$ cat coords_10.txt   # compact mmCIF, C-alpha atoms and all ligand atoms
# COMPACT_ATOMS: atom_id res chain seq x y z
CA MET B 1 -62.34 72.32 8.40
CA SER B 2 -60.79 71.51 5.06
CA ARG B 3 -57.15 70.50 5.16
CA PRO B 4 -54.86 71.83 2.42
CA VAL B 5 -53.32 68.36 1.92
CA THR B 6 -53.56 65.02 3.73
CA LEU B 7 -51.18 62.36 5.04
CA PRO B 8 -51.88 58.74 4.12
CA PRO B 9 -53.42 56.67 6.92
CA ARG B 10 -51.10 54.30 8.86
CA ASN B 11 -50.83 50.68 7.65
CA ALA B 12 -50.54 47.56 9.81
CA SER B 13 -47.01 46.92 8.52
CA ASP B 14 -45.69 50.43 9.28
CA HIS B 15 -42.85 50.88 11.76
CA LYS B 16 -41.11 53.90 13.28
CA GLY B 17 -38.74 54.11 10.32
CA THR B 18 -41.73 54.70 8.06
CA PHE B 19 -42.45 58.01 9.76
CA GLY B 20 -39.05 59.64 9.61
CA ARG B 21 -36.10 60.45 11.79
CA VAL B 22 -35.89 64.16 12.63
CA LEU B 23 -33.52 66.39 14.57
CA LEU B 24 -34.27 69.66 16.35
CA VAL B 25 -31.23 71.86 17.00
CA GLY B 26 -31.36 74.77 19.43
CA GLY B 27 -31.89 75.84 23.01
CA SER B 28 -29.55 77.45 25.51
CA ARG B 29 -29.38 77.86 29.26
CA GLY B 30 -32.54 79.87 30.07
CA MET B 31 -34.31 78.79 26.85
CA ALA B 32 -34.26 75.01 27.13
CA GLY B 33 -38.06 74.95 26.88
CA SER B 34 -38.14 76.32 23.33
CA ILE B 35 -36.36 73.46 21.59
CA SER B 36 -38.09 70.95 23.88
CA LEU B 37 -41.48 72.23 22.69
CA SER B 38 -40.32 71.88 19.06
CA SER B 39 -39.08 68.34 19.67
CA ILE B 40 -42.21 67.21 21.51
CA ALA B 41 -44.35 68.73 18.76
CA ALA B 42 -42.51 66.54 16.22
CA LEU B 43 -43.26 63.45 18.30
CA HIS B 44 -46.90 64.50 18.66
CA THR B 45 -47.38 64.96 14.92
CA GLY B 46 -46.15 61.53 13.97
CA SER B 47 -42.36 61.41 13.61
CA GLY B 48 -40.94 57.94 14.25
CA LEU B 49 -37.72 59.08 15.92
CA VAL B 50 -36.98 62.53 17.31
CA SER B 51 -33.65 63.81 18.64
CA SER B 52 -32.79 67.18 20.16
CA ALA B 53 -29.26 68.50 19.67
CA VAL B 54 -28.66 71.05 22.44
CA PRO B 55 -25.77 72.68 24.32
CA ASP B 56 -24.59 69.91 26.64
CA VAL B 57 -25.28 72.04 29.75
CA VAL B 58 -29.03 71.75 29.12
CA LEU B 59 -29.12 68.12 27.98
CA GLU B 60 -30.62 66.76 31.22
CA THR B 61 -33.23 69.51 31.30
CA VAL B 62 -34.36 68.81 27.74
CA ALA B 63 -34.26 65.02 28.21
CA GLY B 64 -36.41 65.38 31.33
CA PHE B 65 -39.29 66.92 29.39
CA HIS B 66 -40.14 63.75 27.44
CA ALA B 67 -38.99 60.14 27.85
CA ALA B 68 -39.41 59.34 24.14
CA LEU B 69 -36.97 62.04 23.10
CA MET B 70 -33.33 61.29 22.32
CA THR B 71 -30.80 63.97 23.18
CA ILE B 72 -27.41 64.90 21.77
CA GLY B 73 -25.18 67.20 23.82
CA LEU B 74 -23.07 69.57 21.70
CA PRO B 75 -20.06 71.63 22.88
CA ALA B 76 -21.17 74.68 24.89
CA GLU B 77 -19.77 77.89 26.30
CA ASP B 78 -21.65 80.26 28.62
CA GLY B 79 -24.76 78.11 28.32
CA ARG B 80 -25.00 78.17 24.52
CA PHE B 81 -23.45 76.43 21.51
CA SER B 82 -19.72 77.05 21.24
CA SER B 83 -18.01 77.64 17.90
CA ASP B 84 -17.05 73.95 17.53
CA ALA B 85 -20.66 72.70 17.96
CA TRP B 86 -21.13 72.40 14.18
CA GLU B 87 -18.09 70.08 13.90
CA SER B 88 -19.80 67.70 16.33
CA LEU B 89 -23.14 67.97 14.57
CA CYS B 90 -22.28 67.88 10.86
CA GLY B 91 -21.69 64.13 10.63
CA ARG B 92 -25.27 63.46 11.77
CA VAL B 93 -27.01 65.66 9.21
CA SER B 94 -27.23 63.09 6.41
CA THR B 95 -28.73 60.49 8.80
CA GLN B 96 -31.85 62.65 9.28
CA ASN B 97 -34.99 62.95 7.15
CA ALA B 98 -35.42 66.58 8.25
CA ILE B 99 -33.85 69.10 10.63
CA GLY B 100 -35.41 72.09 12.39
CA THR B 101 -33.27 74.77 14.01
CA GLY B 102 -33.37 78.15 15.70
CA PRO B 103 -35.59 78.19 18.80
CA GLY B 104 -33.75 79.47 21.85
CA MET B 105 -30.25 79.13 20.44
CA THR B 106 -29.05 82.78 20.49
CA THR B 107 -27.11 84.33 17.62
CA GLU B 108 -23.57 83.78 18.95
CA SER B 109 -20.75 82.20 16.91
CA GLY B 110 -21.79 78.58 17.58
CA SER B 111 -25.24 79.29 16.13
CA VAL B 112 -23.77 81.11 13.13
CA ALA B 113 -21.66 78.06 12.22
CA ILE B 114 -24.64 75.69 12.63
CA VAL B 115 -26.95 77.79 10.46
CA GLU B 116 -24.28 78.24 7.80
CA GLY B 117 -23.57 74.49 7.74
CA LEU B 118 -27.25 73.58 7.47
CA LEU B 119 -27.84 76.07 4.65
CA LYS B 120 -24.81 74.93 2.69
CA GLN B 121 -25.77 71.27 2.73
CA ARG B 122 -28.53 70.46 0.25
CA GLN B 123 -29.46 66.83 1.02
CA THR B 124 -31.61 67.17 4.14
CA PRO B 125 -34.72 69.40 4.30
CA VAL B 126 -34.47 72.15 6.92
CA VAL B 127 -36.80 74.44 8.84
CA LEU B 128 -35.27 77.71 10.04
CA ASP B 129 -36.95 79.67 12.81
CA ALA B 130 -36.25 82.31 15.46
CA ASP B 131 -32.49 82.77 16.11
CA ALA B 132 -31.56 80.84 12.95
CA LEU B 133 -33.41 83.58 11.02
CA ASN B 134 -31.83 86.27 13.17
CA VAL B 135 -28.40 84.86 12.29
CA ILE B 136 -29.29 85.00 8.58
CA SER B 137 -30.38 88.66 8.83
CA SER B 138 -27.40 89.74 10.92
CA GLN B 139 -24.95 88.02 8.55
CA GLY B 140 -26.64 89.50 5.44
CA TRP B 141 -26.82 86.07 3.79
CA LEU B 142 -29.97 86.93 1.81
CA ASP B 143 -28.27 89.77 -0.08
CA GLY B 144 -26.97 87.52 -2.87
CA ASP B 145 -28.34 84.38 -4.52
CA GLU B 146 -25.81 81.96 -3.03
CA LEU B 147 -28.45 80.21 -0.95
CA ALA B 148 -30.81 79.67 -3.91
CA ARG B 149 -32.22 76.16 -4.11
CA GLY B 150 -32.22 74.20 -7.39
CA LYS B 151 -34.67 71.49 -8.40
CA ASP B 152 -32.58 68.65 -6.92
CA ASP B 153 -31.98 70.41 -3.60
CA ALA B 154 -33.81 69.57 -0.37
CA ALA B 155 -36.48 71.99 0.87
CA VAL B 156 -35.82 75.07 2.98
CA VAL B 157 -38.74 76.44 5.04
CA PHE B 158 -38.53 79.75 6.93
CA THR B 159 -41.01 80.37 9.78
CA PRO B 160 -40.59 84.05 10.76
CA HIS B 161 -42.91 86.03 12.99
CA PRO B 162 -43.42 89.62 11.79
CA GLY B 163 -40.45 90.88 13.85
CA GLU B 164 -38.11 88.29 12.37
CA LEU B 165 -39.45 88.88 8.86
CA SER B 166 -38.84 92.59 9.29
CA ARG B 167 -35.20 91.87 10.14
CA LEU B 168 -34.92 89.60 7.09
CA THR B 169 -36.57 91.91 4.54
CA GLY B 170 -36.52 95.43 6.00
CA VAL B 171 -40.33 95.65 5.69
CA PRO B 172 -41.85 96.74 9.04
CA ALA B 173 -44.07 94.34 10.99
CA SER B 174 -46.96 96.82 10.70
CA ASP B 175 -47.02 96.44 6.87
CA VAL B 176 -48.58 92.99 6.55
CA ASP B 177 -49.21 93.17 2.79
CA GLY B 178 -45.69 94.48 2.23
CA GLN B 179 -44.27 91.60 4.28
CA VAL B 180 -46.21 89.02 2.28
CA ARG B 181 -44.99 90.63 -0.96
CA ALA B 182 -41.38 90.64 0.28
CA ALA B 183 -41.72 86.97 1.31
CA GLY B 184 -43.01 86.19 -2.19
CA GLU B 185 -39.98 87.87 -3.78
CA LEU B 186 -37.64 85.98 -1.46
CA SER B 187 -39.38 82.71 -2.22
CA LYS B 188 -39.20 83.33 -5.98
CA ARG B 189 -35.51 84.29 -5.87
CA LEU B 190 -34.30 81.53 -3.53
CA GLY B 191 -36.86 78.74 -3.90
CA PHE B 192 -37.72 78.67 -0.18
CA THR B 193 -41.15 78.22 1.36
CA ILE B 194 -41.89 81.05 3.79
CA VAL B 195 -44.46 80.92 6.59
CA VAL B 196 -45.58 84.46 7.38
CA LYS B 197 -46.98 84.03 10.90
CA GLY B 198 -49.95 85.99 12.13
CA GLY B 199 -53.71 85.95 12.42
CA PRO B 200 -54.12 84.55 9.79
CA THR B 201 -50.83 82.89 8.93
CA ARG B 202 -49.92 82.81 5.23
CA VAL B 203 -47.62 80.37 3.47
CA VAL B 204 -45.72 81.65 0.44
CA GLY B 205 -44.00 79.23 -1.91
CA ARG B 206 -44.41 76.91 -4.85
CA GLY B 207 -45.59 73.34 -5.10
CA SER B 208 -43.09 72.33 -7.77
CA ASP B 209 -40.19 73.91 -9.63
CA ASP B 210 -42.24 75.00 -12.62
CA SER B 211 -45.23 76.40 -10.71
CA PRO B 212 -45.38 80.11 -9.81
CA VAL B 213 -45.09 81.37 -6.24
CA GLN B 214 -48.49 81.15 -4.54
CA THR B 215 -49.94 82.31 -1.23
CA TYR B 216 -51.98 79.98 0.96
CA VAL B 217 -54.05 81.69 3.67
CA ASN B 218 -54.51 79.44 6.70
CA THR B 219 -58.04 79.01 8.08
CA THR B 220 -57.19 77.84 11.62
CA GLY B 221 -55.70 79.50 14.70
CA ASN B 222 -56.72 82.24 17.10
CA PRO B 223 -55.28 84.89 19.47
CA ALA B 224 -55.09 82.39 22.36
CA MET B 225 -51.92 81.30 20.54
CA ALA B 226 -50.30 84.67 21.22
CA THR B 227 -48.26 83.16 24.06
CA ALA B 228 -44.60 82.19 24.39
CA GLY B 229 -43.58 78.97 22.69
CA CYS B 230 -46.48 78.51 20.25
CA GLY B 231 -44.13 79.30 17.36
CA ASP B 232 -41.55 76.82 18.68
CA VAL B 233 -44.28 74.18 18.47
CA LEU B 234 -44.85 75.04 14.80
CA THR B 235 -41.14 74.54 14.02
CA GLY B 236 -41.41 70.96 15.27
CA VAL B 237 -44.65 70.28 13.39
CA ILE B 238 -43.27 71.36 10.00
CA THR B 239 -39.98 69.51 10.60
CA SER B 240 -41.97 66.37 11.40
CA LEU B 241 -44.00 66.64 8.18
CA LEU B 242 -40.89 67.20 6.05
CA GLY B 243 -39.42 64.11 7.73
CA GLN B 244 -42.54 62.16 6.77
CA GLY B 245 -41.84 62.97 3.12
CA LEU B 246 -43.95 66.03 2.34
CA CYS B 247 -42.40 68.76 0.15
CA GLY B 248 -41.78 72.19 1.70
CA TRP B 249 -45.00 73.71 0.36
CA ASP B 250 -47.19 70.84 1.62
CA ALA B 251 -45.40 70.46 4.98
CA ALA B 252 -45.77 74.19 5.66
CA ARG B 253 -49.46 74.35 4.64
CA LEU B 254 -50.51 71.20 6.51
CA GLY B 255 -48.26 72.22 9.42
CA VAL B 256 -49.84 75.63 9.94
CA TRP B 257 -53.29 74.08 9.49
CA ILE B 258 -52.89 71.38 12.18
CA HIS B 259 -51.04 73.81 14.49
CA GLY B 260 -53.89 76.33 14.28
CA ARG B 261 -56.49 73.58 14.64
CA ALA B 262 -54.76 72.41 17.84
CA GLY B 263 -54.83 76.02 19.02
CA ASP B 264 -58.57 76.21 18.34
CA VAL B 265 -59.28 72.95 20.20
CA ALA B 266 -56.99 73.87 23.11
CA ALA B 267 -58.53 77.35 23.46
CA SER B 268 -62.02 75.90 23.67
CA ARG B 269 -60.98 73.22 26.19
CA ILE B 270 -58.78 75.45 28.39
CA SER B 271 -59.47 79.19 27.91
CA SER B 272 -58.28 81.87 25.56
CA ALA B 273 -56.22 83.72 28.16
CA GLY B 274 -54.98 80.64 30.03
CA MET B 275 -53.90 78.42 27.18
CA THR B 276 -50.12 77.91 26.94
CA ALA B 277 -47.77 76.29 24.44
CA VAL B 278 -47.76 73.20 26.70
CA HIS B 279 -51.54 72.85 26.23
CA LEU B 280 -51.02 73.37 22.49
CA VAL B 281 -48.43 70.63 22.15
CA GLU B 282 -50.50 68.19 24.22
CA THR B 283 -53.56 68.92 22.08
CA LEU B 284 -51.59 68.19 18.91
CA ALA B 285 -51.20 64.58 20.06
CA LEU B 286 -54.98 64.29 20.50
CA ILE B 287 -55.89 65.60 17.03
CA ALA B 288 -52.94 64.50 14.87
CA ASP B 289 -55.10 61.95 13.00
CA GLU B 290 -57.02 64.88 11.50
CA MET B 291 -54.08 65.22 9.10
CA SER B 292 -54.83 61.81 7.57
CA GLU B 293 -57.34 60.82 4.94
N1 LIG B 301 -39.70 78.79 26.44
C1 LIG B 301 -38.69 79.31 25.76
O1 LIG B 301 -37.53 78.96 25.96
C2 LIG B 301 -38.97 80.31 24.70
C3 LIG B 301 -37.91 80.88 24.01
N2 LIG B 301 -38.10 81.70 22.95
C4 LIG B 301 -36.90 82.17 22.26
O2 LIG B 301 -36.66 83.51 22.66
C5 LIG B 301 -35.80 84.10 21.70
C6 LIG B 301 -36.34 85.47 21.32
O3 LIG B 301 -37.52 85.30 20.52
P1 LIG B 301 -38.74 86.33 20.56
O4 LIG B 301 -39.65 85.96 19.44
O5 LIG B 301 -39.33 86.40 21.94
O6 LIG B 301 -38.02 87.72 20.34
P2 LIG B 301 -37.97 88.66 19.09
O7 LIG B 301 -37.20 89.86 19.51
O8 LIG B 301 -37.54 87.94 17.87
O9 LIG B 301 -39.49 89.01 18.84
C7 LIG B 301 -40.22 89.88 19.65
C8 LIG B 301 -40.51 91.14 18.87
O10 LIG B 301 -40.88 90.85 17.51
C9 LIG B 301 -41.99 91.60 17.11
N3 LIG B 301 -43.16 90.71 16.90
C10 LIG B 301 -43.29 89.42 17.25
N4 LIG B 301 -44.49 88.94 16.87
C11 LIG B 301 -45.11 89.97 16.29
C12 LIG B 301 -46.38 90.12 15.70
N5 LIG B 301 -47.26 89.10 15.62
N6 LIG B 301 -46.71 91.31 15.20
C13 LIG B 301 -45.85 92.34 15.27
N7 LIG B 301 -44.62 92.26 15.81
C14 LIG B 301 -44.27 91.08 16.32
C15 LIG B 301 -42.24 92.57 18.24
O11 LIG B 301 -41.49 93.73 17.96
C16 LIG B 301 -41.68 91.86 19.46
O12 LIG B 301 -41.23 92.74 20.46
C17 LIG B 301 -35.73 83.13 20.51
O13 LIG B 301 -34.57 82.36 20.62
C18 LIG B 301 -36.93 82.25 20.75
O14 LIG B 301 -36.82 81.01 20.13
C19 LIG B 301 -39.41 82.04 22.45
O15 LIG B 301 -39.66 81.15 21.39
C20 LIG B 301 -40.47 81.94 23.54
C21 LIG B 301 -40.39 80.67 24.37
N1 LIG B 302 -53.63 86.38 16.91
C1 LIG B 302 -53.21 85.20 16.42
N2 LIG B 302 -53.99 84.49 15.57
C2 LIG B 302 -53.57 83.31 15.07
N3 LIG B 302 -52.36 82.76 15.37
C3 LIG B 302 -51.57 83.43 16.20
C4 LIG B 302 -51.93 84.66 16.79
N4 LIG B 302 -50.92 85.07 17.60
C5 LIG B 302 -49.96 84.14 17.52
N5 LIG B 302 -50.35 83.16 16.69
C6 LIG B 302 -49.55 82.00 16.29
O1 LIG B 302 -48.66 81.63 17.34
C7 LIG B 302 -47.35 81.44 16.82
C8 LIG B 302 -46.40 82.46 17.46
O2 LIG B 302 -45.12 82.28 16.95
P1 LIG B 302 -43.86 83.06 17.55
O3 LIG B 302 -44.13 84.51 17.59
O4 LIG B 302 -42.68 82.59 16.82
O5 LIG B 302 -43.86 82.50 19.05
P2 LIG B 302 -42.69 81.94 19.99
O6 LIG B 302 -41.39 82.37 19.40
O7 LIG B 302 -42.96 82.56 21.32
O8 LIG B 302 -42.81 80.47 20.04
C9 LIG B 302 -47.43 81.56 15.32
O9 LIG B 302 -47.60 80.30 14.71
C10 LIG B 302 -48.67 82.42 15.12
O10 LIG B 302 -49.30 82.17 13.88
MG MG B 303 -40.70 82.23 17.52
$ encode --input "coords_10.txt" --output "structure tokens" --more "lines below"
Ligand SMILES: NC(=O)C1=CN([C@@H]2O[C@H](COP(=O)(O)OP(=O)(O)OC[C@H]3O[C@@H](n4cnc5c(N)ncnc54)[C@H](O)[C@@H]3O)[C@@H](O)[C@H]2O)[C@@H](O)CC1
Ligand SMILES: Nc1ncnc2c1ncn2[C@@H]1O[C@H](COP(=O)(O)OP(=O)(O)O)[C@@H](O)[C@H]1O
Ligand SMILES: [Mg+2]
Amino acid sequence: MSRPVTLPPRNASDHKGTFGRVLLVGGSRGMAGSISLSSIAALHTGSGLVSSAVPDVVLETVAGFHAALMTIGLPAEDGRFSSDAWESLCGRVSTQNAIGTGPGMTTESGSVAIVEGLLKQRQTPVVLDADALNVISSQGWLDGDELARGKDDAAVVFTPHPGELSRLTGVPASDVDGQVRAAGELSKRLGFTIVVKGGPTRVVGRGSDDSPVQTYVNTTGNPAMATAGCGDVLTGVITSLLGQGLCGWDAARLGVWIHGRAGDVAASRISSAGMTAVHLVETLALIADEMSE
């Protein structure tokens, strides 16, 4: 049960500001649950303040999932972000300790502008998942080195499943070793940390600017997690850990570890076939102290 890295224990003088302010951006009409799961996962892994920025047509739905969540309604069209959503969001970016985006947001023009804006800014760490990654592949933004991170830039963490990674790299989902190699090349070229999801999940990245790209193989998790929304939960976990001050490499490794551990505990308490992402996110709250010394 060895953790790849630990969080410090909480002190008596700590307050919510100590544990970071994070923002989860995504969702659409029909996929309001995805970004809600990400946001609740951030609350359940220790973030002090969590907001969800969603198309305003789903604001009440998302707010109704958890009373501790703050919600920001962004301009919407046909149930998803409209092209001016980024203009409403961009002023809030620098107020956050970390931002996660992608779950449930579709790849329409509003999402394209949000992903572009978040990649261009370099102050706030970001996690990109699901449709944020699909936007990047469809726009061909990985072809050049424009997105490359320098040593003073905030972390970028990608969390693709094999289908998304195939769209990003061209390596088919069936070629696991090839996908890990392609993720390593991407990480080396652009300085990102890349979570290659699967059984087991691998994290590819580097701990500091002068260390080589490494691969961490996660030891937790199981096939009960092969159910809708479990990846959305991971997006929120890693965003939460970045917001608590971990670097991309540490947030991704500890994130996949606690996420898989919650999956193991939930599967044994519920059942392998019957466990859902809701059980997973509830279990995270019960075991979150396992991340601390
Ligand atoms: N409750 C919700 O609102 C949910 C919304 N979701 C959203 O639904 C949208 C579509 O995402 P999906 O991931 O379902 O669709 P995708 O089309 O990205 O992924 C599904 C395909 O990817 C491949 N794939 C996925 N995992 C694989 C694996 N382990 N091995 C091999 N191939 C694999 C398969 O070809 C599969 O058909 C996203 O916006 C996503 O965030 C999902 O996250 C599920 C839950
Ligand atoms: N067989 C498995 N073994 C271990 N973990 C798994 C397995 N199947 C799925 N998972 C985990 O569940 C999550 C699924 O993510 P993803 O495909 O993005 O789901 P969704 O988009 O539906 O939320 C990943 O973190 C993955 O590692
Ligand atoms: Mg996913």
$ residues_near_ligand --input "coords_10.txt" --ligand "ligand LIG 301 (chain B)" --cutoff "8 Å" --atoms "only C-alpha atoms and all ligand atoms" --output "ChimeraX atom specification"
/B:27,30-35,37,102-106,129-131,134,161-164,173-174,197-199,226-232
$ closest_residue --input "coords_10.txt" --among "B:Val195, B:Leu254, B:Asp177, B:Gly170" --to "ligand MG 303 (chain B)" --atoms "all atoms listed in the file"
B:Val195
$ residues_around --input "coords_10.txt" --residues "range 144-156 of chain B" --least-positions-apart "2" --cutoff "9 Å" --atoms "all atoms listed in the file" --output "PDB file with C-alpha atoms, keeping the file's coordinate frame"
ATOM      1  CA  LEU B 119     -27.840  76.070   4.650  1.00  0.00           C
ATOM      2  CA  LYS B 120     -24.810  74.930   2.690  1.00  0.00           C
ATOM      3  CA  GLN B 121     -25.770  71.270   2.730  1.00  0.00           C
ATOM      4  CA  ARG B 122     -28.530  70.460   0.250  1.00  0.00           C
ATOM      5  CA  GLN B 123     -29.460  66.830   1.020  1.00  0.00           C
ATOM      6  CA  THR B 124     -31.610  67.170   4.140  1.00  0.00           C
ATOM      7  CA  PRO B 125     -34.720  69.400   4.300  1.00  0.00           C
ATOM      8  CA  VAL B 126     -34.470  72.150   6.920  1.00  0.00           C
ATOM      9  CA  VAL B 127     -36.800  74.440   8.840  1.00  0.00           C
ATOM     10  CA  LEU B 128     -35.270  77.710  10.040  1.00  0.00           C
ATOM     11  CA  GLY B 140     -26.640  89.500   5.440  1.00  0.00           C
ATOM     12  CA  TRP B 141     -26.820  86.070   3.790  1.00  0.00           C
ATOM     13  CA  LEU B 142     -29.970  86.930   1.810  1.00  0.00           C
ATOM     14  CA  PHE B 158     -38.530  79.750   6.930  1.00  0.00           C
ATOM     15  CA  ARG B 189     -35.510  84.290  -5.870  1.00  0.00           C
ATOM     16  CA  LEU B 190     -34.300  81.530  -3.530  1.00  0.00           C
ATOM     17  CA  GLY B 191     -36.860  78.740  -3.900  1.00  0.00           C
ATOM     18  CA  PHE B 192     -37.720  78.670  -0.180  1.00  0.00           C
ATOM     19  CA  THR B 193     -41.150  78.220   1.360  1.00  0.00           C
ATOM     20  CA  ILE B 194     -41.890  81.050   3.790  1.00  0.00           C
ATOM     21  CA  SER B 208     -43.090  72.330  -7.770  1.00  0.00           C
ATOM     22  CA  ASP B 209     -40.190  73.910  -9.630  1.00  0.00           C
ATOM     23  CA  LEU B 242     -40.890  67.200   6.050  1.00  0.00           C
ATOM     24  CA  CYS B 247     -42.400  68.760   0.150  1.00  0.00           C
ATOM     25  CA  GLY B 248     -41.780  72.190   1.700  1.00  0.00           C
ATOM     26  CA  TRP B 249     -45.000  73.710   0.360  1.00  0.00           C
TER      27      TRP B 249
END
$ closest_residue --input "coords_10.txt" --among "B:Pro200, B:Gly73, B:Gly207, B:Gly274" --to "ligand LIG 302 (chain B)" --atoms "only C-alpha atoms and all ligand atoms"
B:Pro200
$ residues_near_point --input "coords_10.txt" --point "(-44.7, 86.9, 0.1)" --cutoff "10 Å" --atoms "all atoms listed in the file" --output "number ranges by chain"
B: 176-188, 193-196, 202-205, 213-215
$ closest_residue --input "coords_10.txt" --among "B:Arg80, B:Arg29, B:Arg92, B:Arg253" --to "Met291 in chain B" --atoms "only C-alpha atoms"
B:Arg253
$ atom_distance --input "coords_10.txt" --atom1 "CA of Ala132 in chain B" --atom2 "CA of Asp84 in chain B"
16.7 Å
$ closest_residue --input "coords_10.txt" --among "B:Ala267, B:Leu246, B:Leu165, B:Leu241" --to "ligand MG 303 (chain B)" --atoms "all atoms listed in the file"
B:Leu165
$ closest_residue --input "coords_10.txt" --among "B:Thr71, B:Thr95, B:Thr201, B:Ser2" --to "Leu24 in chain B" --atoms "all atoms listed in the file"
B:Thr71
$ residues_around --input "coords_10.txt" --residues "Ile114 in chain B" --least-positions-apart "4" --cutoff "8 Å" --atoms "only C-alpha atoms" --output "PDB file with C-alpha atoms, in the coordinates of the input"
ATOM      1  CA  ALA B  85     -20.660  72.700  17.960  1.00  0.00           C
ATOM      2  CA  TRP B  86     -21.130  72.400  14.180  1.00  0.00           C
ATOM      3  CA  GLY B 110     -21.790  78.580  17.580  1.00  0.00           C
ATOM      4  CA  LEU B 118     -27.250  73.580   7.470  1.00  0.00           C
TER       5      LEU B 118
END
$ residues_around --input "coords_10.txt" --residues "Ser51 in chain B" --least-positions-apart "2" --cutoff "10 Å" --atoms "all atoms listed in the file" --output "list in words"
Arg21, Val22, Leu23, Leu24, Val25, Ser36, Ser39, Ile40, Ala42, Leu43, Leu49, Ala53, Val54, Ala63, Ala68, Leu69, Met70, Thr71, Ile72, Gln96 and Ile99 of chain B
$ decode --input "coords_10.txt" --residues "range 137-152 of chain B" --atoms "N, CA and C atoms" --output "tab-separated table (two decimals), in the first residue's frame"
chain	number	residue	atom	x	y	z
B	137	SER	N	-6.61	17.37	-30.07
B	137	SER	CA	-6.31	16.52	-31.25
B	137	SER	C	-6.98	17.07	-32.49
B	138	SER	N	-8.24	17.50	-32.38
B	138	SER	CA	-8.92	17.93	-33.61
B	138	SER	C	-8.34	19.23	-34.15
B	139	GLN	N	-7.76	20.05	-33.29
B	139	GLN	CA	-7.16	21.31	-33.75
B	139	GLN	C	-5.69	21.13	-34.17
B	140	GLY	N	-5.11	19.95	-33.92
B	140	GLY	CA	-3.72	19.69	-34.31
B	140	GLY	C	-2.71	20.52	-33.52
B	141	TRP	N	-3.04	20.88	-32.27
B	141	TRP	CA	-2.18	21.78	-31.51
B	141	TRP	C	-0.90	21.11	-31.00
B	142	LEU	N	-0.81	19.78	-31.12
B	142	LEU	CA	0.42	19.12	-30.64
B	142	LEU	C	1.46	18.99	-31.76
B	143	ASP	N	1.10	19.43	-32.96
B	143	ASP	CA	2.02	19.25	-34.10
B	143	ASP	C	3.32	20.05	-33.93
B	144	GLY	N	3.21	21.26	-33.43
B	144	GLY	CA	4.42	22.07	-33.21
B	144	GLY	C	4.81	22.07	-31.74
B	145	ASP	N	5.74	22.97	-31.38
B	145	ASP	CA	6.21	23.04	-29.99
B	145	ASP	C	5.69	24.28	-29.26
B	146	GLU	N	4.65	24.91	-29.84
B	146	GLU	CA	4.15	26.16	-29.26
B	146	GLU	C	3.66	26.01	-27.83
B	147	LEU	N	3.15	24.83	-27.51
B	147	LEU	CA	2.58	24.64	-26.17
B	147	LEU	C	3.64	24.26	-25.13
B	148	ALA	N	4.89	24.08	-25.57
B	148	ALA	CA	5.94	23.58	-24.67
B	148	ALA	C	6.07	24.44	-23.42
B	149	ARG	N	6.19	23.77	-22.29
B	149	ARG	CA	6.31	24.45	-21.00
B	149	ARG	C	7.78	24.67	-20.65
B	150	GLY	N	8.11	25.88	-20.16
B	150	GLY	CA	9.45	26.16	-19.67
B	150	GLY	C	9.50	25.98	-18.15
B	151	LYS	N	10.68	26.22	-17.57
B	151	LYS	CA	10.84	25.90	-16.15
B	151	LYS	C	10.02	26.81	-15.22
B	152	ASP	N	9.67	28.00	-15.68
B	152	ASP	CA	8.88	28.90	-14.83
B	152	ASP	C	7.37	28.78	-15.07
